[in-house]
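Participant: Have a look at this one.
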Protein chains: 2
Amino acid sequence: MTNQSESPDATKKRLLFAAGEEFARVGFGAASVRTIVDAAGANVSAVKYHYGSKEDLYLAVWEFAAKQMVSDEPMPRVEDFDDPRQALRQFIAWFMRLVLTESEEHPWAGQLLAHETVAPTPGAIDVFVANCAGPIKDEITRIVKRIIVRPTRGKTLDDLVYAVVALCVNPKHSREILIKLGHPPPTTRAGINRMAGVMADFAISGLDGFVSEEDN
Amino acid sequence: MTNQSESPDATKKRLLFAAGEEFARVGFGAASVRTIVDAAGANVSAVKYHYGSKEDLYLAVWEFAAKQMVSDEPMPRVEDFDDPRQALRQFIAWFMRLVLTESEEHPWAGQLLAHETVAPTPGAIDVFVANCAGPIKDEITRIVKRIIVRPTRGKTLDDLVYAVVALCVNPKHSREILIKLGHPPPTTRAGINRMAGVMADFAISGLDGFVSEEDN
DNA sequence: AAGAAAGTGAAACGGGCGTTTGATCCGGGC
DNA sequence: GCCCGGATCAAACGCCCGTTTCACTTTCTT
């Protein structure tokens with residue numbers, strides 16, 4: 001099963017990581033199987049042998065990235081906080097670290113996400129929504145509900161939830177443009193936490209405007 | 001100059017519009033010249049003849065879209081309002097209409113923008129930043145400065161500006177995911193204006209939290 | 001009427017793509 | 001010693017890509 005002094009499935013793992021890097025860099029459609037296998041030091045046929053096809057390899061990368069995203073650092077839960085505003089603060093910091101951090105632990109998750117958001121791949125978007133986007137949206141909804149207390153109409157509530165999401169993910173999605181505008185998004189943990197603090201202040205003040213008024 | 005009972009440059013225009021549709025749908029890299037010329041009822045060689053290359057055609061589409069974006073409806077200026085909060089409200093509504101509206105007037109500008117944001121094309125991003133992103137950022141900066149009055153440190157000010165931008169553009173960038181989550185972004189003028197109202201309330205309250213405190 | 005110019009069209013170019021094939025290498029079980 | 005099966009490899013397959021060529025038609029000029 002093993003081969004020439006390497007651990008079992010070594011090629012398979014190298015393929016997965018090289019694929020993650022390339023898919024994150026240019027997206028599924030523009031990524032080339034040959035570029036990936038070259039980076040992995042493998043042969044083109046290794047993709048078929050270990051994963052079946054380019055698309056199956058992409059799904060494997062997504063599965064791996066999604067698993068890392070949730071296991072790396074647990075998602076803050078509103079139940080663990082006395083103050084829902086503090087919960088939101090912690091959640092935003094967690095979310096922005098998740099999206100922006102470019103570490104060895106999850107180097108491509110955020111960028112994969114950005115590509116999939118704008119140009120979804122039929123198979124992968126469902127995996128992503130079920131494992132990442134859905135749970136995150138649900139938790140933010142719970143937090144926002146506790147902050148604004150008064151029940152608002154469904155549309156407005158959803159708008160506010162997605163407003164919070166927008167604050168967290170846009171620095172990643174708009175990365176190249178922010179760089180061109182001279183304001184590159186942070187990538188270090190300290191920088192991300194600083195920006196997350198500003199976003200949390202902004203979001204908390206923003207939601208406070210909805211506390212005791214208009215159910216419209 | 002004209003050809004077989006058609007107005008001059010008819011093929012050139014049909015090419016431009018078909019290209020705009022296709023580039024907006026799948027992005028520059030994934031778009032196919034043959035798909036475009038088929039939709040335009042033209043020959044592959046027409047791209048070279050009228051525009052030079054696929055990339056030049058893309059730039060022509062961008063130039064056209066950018067021109068439409070600014071000429072279609074003038075950008076609200078903070079100088080035209082007594083209350084900077086009212087200026088922000090109008091600006092957000094204008095910006096979200098610009099990004100989200102799918103009309104005959106500017107059918108692809110928003111989607112082109114989304115693709116270029118996540119996966120920039122070397123030539124086009126500079127055109128876009130100079131003609132669209134830059135002016136919009138500058139105007140929002142002016143408005144935000146008037147609202148928060150007290151001078152904040154540069155980083156925080158930029159963060160707040162981009163927070164406002166995030167609220168406006170994220171519904172477009174995350175469109176497919178929002179649909180999967182059961183909250184498709186609005187496309188009609190009325191729906192956009194409603195959502196823009198919520199975002200404006202959120203942003204104004206959010207910025208008000210920065211009015212009389214922390215220059216940090 | 002003749003010719004230049006503008007525009008169109010079919011076909012092919014070279015190249016990269018994802019995928020497939022069939023041969024080869026190698027460790028472990030009989 | 002032999003062979004089986006996991007793993008790897010070079011080579012080629014058919015396809016689509018953006019681009020190019022060149023013959024052709026149409027229109028305007030003189």
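By order in the structure tokens, chains are A, B, ...; within a chain, residues start at 1; ligands start at 1, following the order shown.
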Report as a PyMOL selection string all protein, DNA and RNA residues lying within 12 Å of C:DG29, evaluated on only C-alpha atoms (C1' of nucleotides), omitting residues in the same chain fewer than 2 positions from it.
Facilitator: (chain C and resi 27) or (chain D and resi 2-5)
Participant: Could you give me, as a VMD selection string, the residues within 12 Å of D:DC15, counting only C-alpha atoms (C1' of nucleotides) and dropping anything in the same chain fewer than 6 positions from it?
Facilitator: chain C and resid 16 to 19
Participant: Dump N, CA and C atoms (P, O5', C5', C4', C3', O3' and C1' of nucleotides) for the selected residues as a PDB file, in the first residue's frame?
Facilitator:
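The resulting again27.pdb:
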```pdb
ATOM      1  P    DG C  16       0.470  25.810 -23.993  1.00  0.00           P
ATOM      2  O5'  DG C  16      -0.728  25.547 -22.974  1.00  0.00           O
ATOM      3  C5'  DG C  16      -1.680  26.563 -22.728  1.00  0.00           C
ATOM      4  C4'  DG C  16      -2.984  25.926 -22.324  1.00  0.00           C
ATOM      5  C3'  DG C  16      -2.839  24.886 -21.209  1.00  0.00           C
ATOM      6  O3'  DG C  16      -3.648  25.261 -20.093  1.00  0.00           O
ATOM      7  C1'  DG C  16      -4.114  24.028 -23.044  1.00  0.00           C
ATOM      8  P    DC C  17      -3.655  24.356 -18.796  1.00  0.00           P
ATOM      9  O5'  DC C  17      -5.019  23.559 -18.937  1.00  0.00           O
ATOM     10  C5'  DC C  17      -6.237  24.284 -19.145  1.00  0.00           C
ATOM     11  C4'  DC C  17      -7.348  23.331 -19.542  1.00  0.00           C
ATOM     12  C3'  DC C  17      -7.409  22.065 -18.709  1.00  0.00           C
ATOM     13  O3'  DC C  17      -8.169  22.317 -17.539  1.00  0.00           O
ATOM     14  C1'  DC C  17      -7.762  21.608 -21.052  1.00  0.00           C
ATOM     15  P    DG C  18      -8.016  21.382 -16.305  1.00  0.00           P
ATOM     16  O5'  DG C  18      -8.922  20.132 -16.686  1.00  0.00           O
ATOM     17  C5'  DG C  18     -10.307  20.310 -16.890  1.00  0.00           C
ATOM     18  C4'  DG C  18     -10.938  18.996 -17.283  1.00  0.00           C
ATOM     19  C3'  DG C  18     -10.748  17.861 -16.274  1.00  0.00           C
ATOM     20  O3'  DG C  18     -11.925  17.071 -16.208  1.00  0.00           O
ATOM     21  C1'  DG C  18      -9.743  17.258 -18.328  1.00  0.00           C
ATOM     22  P    DT C  19     -11.963  15.736 -15.304  1.00  0.00           P
ATOM     23  O5'  DT C  19     -11.579  14.598 -16.338  1.00  0.00           O
ATOM     24  C5'  DT C  19     -12.245  14.544 -17.598  1.00  0.00           C
ATOM     25  C4'  DT C  19     -11.659  13.442 -18.461  1.00  0.00           C
ATOM     26  C3'  DT C  19     -11.521  12.079 -17.773  1.00  0.00           C
ATOM     27  O3'  DT C  19     -12.323  11.129 -18.459  1.00  0.00           O
ATOM     28  C1'  DT C  19      -9.560  12.645 -19.004  1.00  0.00           C
TER      29       DT C  19
END
```
Participant: Compute the set of chain D residues within 7 Å of chain A, using only C-alpha atoms (C1' of nucleotides), and express it as a list in words.
Facilitator: DG6, DA7 and DC9 of chain D
Participant: Could you save those same residues with N, CA and C atoms (P, O5', C5', C4', C3', O3' and C1' of nucleotides) as a compact mmCIF listing (two decimals), in the first residue's frame?
Facilitator:
```
# COMPACT_ATOMS: atom_id res chain seq x y z
P DG D 6 -5.86 -2.97 -4.93
O5' DG D 6 -5.11 -1.74 -4.27
C5' DG D 6 -4.37 -1.92 -3.07
C4' DG D 6 -3.08 -1.11 -3.10
C3' DG D 6 -3.27 0.37 -3.46
O3' DG D 6 -2.46 1.16 -2.61
C1' DG D 6 -1.74 -0.61 -4.95
P DA D 7 -2.71 2.75 -2.54
O5' DA D 7 -1.67 3.31 -3.61
C5' DA D 7 -0.28 3.21 -3.34
C4' DA D 7 0.51 3.61 -4.58
C3' DA D 7 0.16 4.98 -5.18
O3' DA D 7 1.25 5.85 -4.93
C1' DA D 7 0.55 3.32 -6.85
P DC D 9 5.11 9.83 -10.12
O5' DC D 9 5.22 9.50 -11.68
C5' DC D 9 6.21 8.57 -12.12
C4' DC D 9 5.94 8.14 -13.55
C3' DC D 9 5.65 9.29 -14.51
O3' DC D 9 6.82 9.60 -15.24
C1' DC D 9 4.23 7.37 -14.89
```
Participant: For a quick test of understanding: name the residues of chain A lying within 9 Å of chain B when counting only C-alpha atoms, and present them as a ChimeraX atom specification.
Facilitator: /A:25-27,29-30,111,114-120,125-126,129,133-134,137,155-156,158-160,162-178,180-181,183,195,198-199,201-210
Participant: Give as a PyMOL selection string every residue of chain C that touches chain B within 10 Å, counting only C-alpha atoms (C1' of nucleotides).
Facilitator: chain C and resi 5-10
Participant: Kindly save the residues from that selection, with N, CA and C atoms (P, O5', C5', C4', C3', O3' and C1' of nucleotides) included, as a compact mmCIF listing (two decimals), in the first residue's frame.
Facilitator:
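Listing of selection27.txt after writing:
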```txt
# COMPACT_ATOMS: atom_id res chain seq x y z
P DA C 5 -7.37 52.19 -49.94
O5' DA C 5 -8.66 51.95 -49.04
C5' DA C 5 -9.76 52.86 -49.14
C4' DA C 5 -10.96 52.27 -48.43
C3' DA C 5 -10.64 51.58 -47.11
O3' DA C 5 -11.42 52.16 -46.08
C1' DA C 5 -12.04 50.22 -48.47
P DA C 6 -11.23 51.71 -44.57
O5' DA C 6 -12.59 50.91 -44.31
C5' DA C 6 -13.82 51.49 -44.72
C4' DA C 6 -14.95 50.50 -44.55
C3' DA C 6 -14.94 49.75 -43.21
O3' DA C 6 -16.26 49.74 -42.68
C1' DA C 6 -15.01 48.21 -45.00
P DG C 7 -16.54 49.26 -41.18
O5' DG C 7 -16.99 47.75 -41.38
C5' DG C 7 -18.15 47.48 -42.15
C4' DG C 7 -18.18 46.03 -42.54
C3' DG C 7 -18.15 45.01 -41.40
O3' DG C 7 -19.47 44.49 -41.26
C1' DG C 7 -16.91 44.30 -43.30
P DT C 8 -19.80 43.41 -40.16
O5' DT C 8 -19.64 42.04 -40.95
C5' DT C 8 -20.43 41.81 -42.11
C4' DT C 8 -20.01 40.51 -42.76
C3' DT C 8 -20.07 39.27 -41.86
O3' DT C 8 -21.04 38.38 -42.37
C1' DT C 8 -18.07 39.33 -43.17
P DG C 9 -21.54 37.15 -41.50
O5' DG C 9 -20.64 35.96 -42.08
C5' DG C 9 -20.68 35.67 -43.46
C4' DG C 9 -19.62 34.64 -43.79
C3' DG C 9 -19.50 33.52 -42.77
O3' DG C 9 -19.99 32.30 -43.35
C1' DG C 9 -17.34 34.39 -43.39
P DA C 10 -20.18 31.02 -42.46
O5' DA C 10 -18.94 30.13 -42.94
C5' DA C 10 -18.71 29.95 -44.33
C4' DA C 10 -17.40 29.21 -44.56
C3' DA C 10 -17.21 27.94 -43.73
O3' DA C 10 -16.62 26.94 -44.54
C1' DA C 10 -15.47 29.48 -43.25
```
Participant: How far is it from atom CA of A:Ile147 to atom CA of A:Phe81, in Å with one decimal?
Facilitator: 12.2 Å
Participant: Would you mind reading off the distance between atom CA of A:Thr187 and atom CA of A:Glu102, one decimal, in Å?
Facilitator: 6.2 Å
Participant: DSSP on the backbone: what in stretch 55-153 of chain B comes out alpha helix (DSSP H), as a count of residues only?
Facilitator: 67
Participant: Pick the closest to D:DG1 from C:DT24, C:DA11, C:DC30, C:DA1: which is it, counting only C-alpha atoms (C1' of nucleotides)?
Facilitator: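 For D:DG1, the nearest of the candidates is C:DC30.
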Participant: What separation in Å, quoted to one decimal, exists between atom CA of A:Val37 and atom CA of A:Gln68?
Facilitator: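 So the answer is 22.8 Å.
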Participant: When you count only C-alpha atoms, which of these residues is closest to B:Asn193: B:Val211, B:Ala93, B:Ile136, B:Ala124?
Facilitator: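 That would be B:Ala93, the residue with the smallest distance to B:Asn193.
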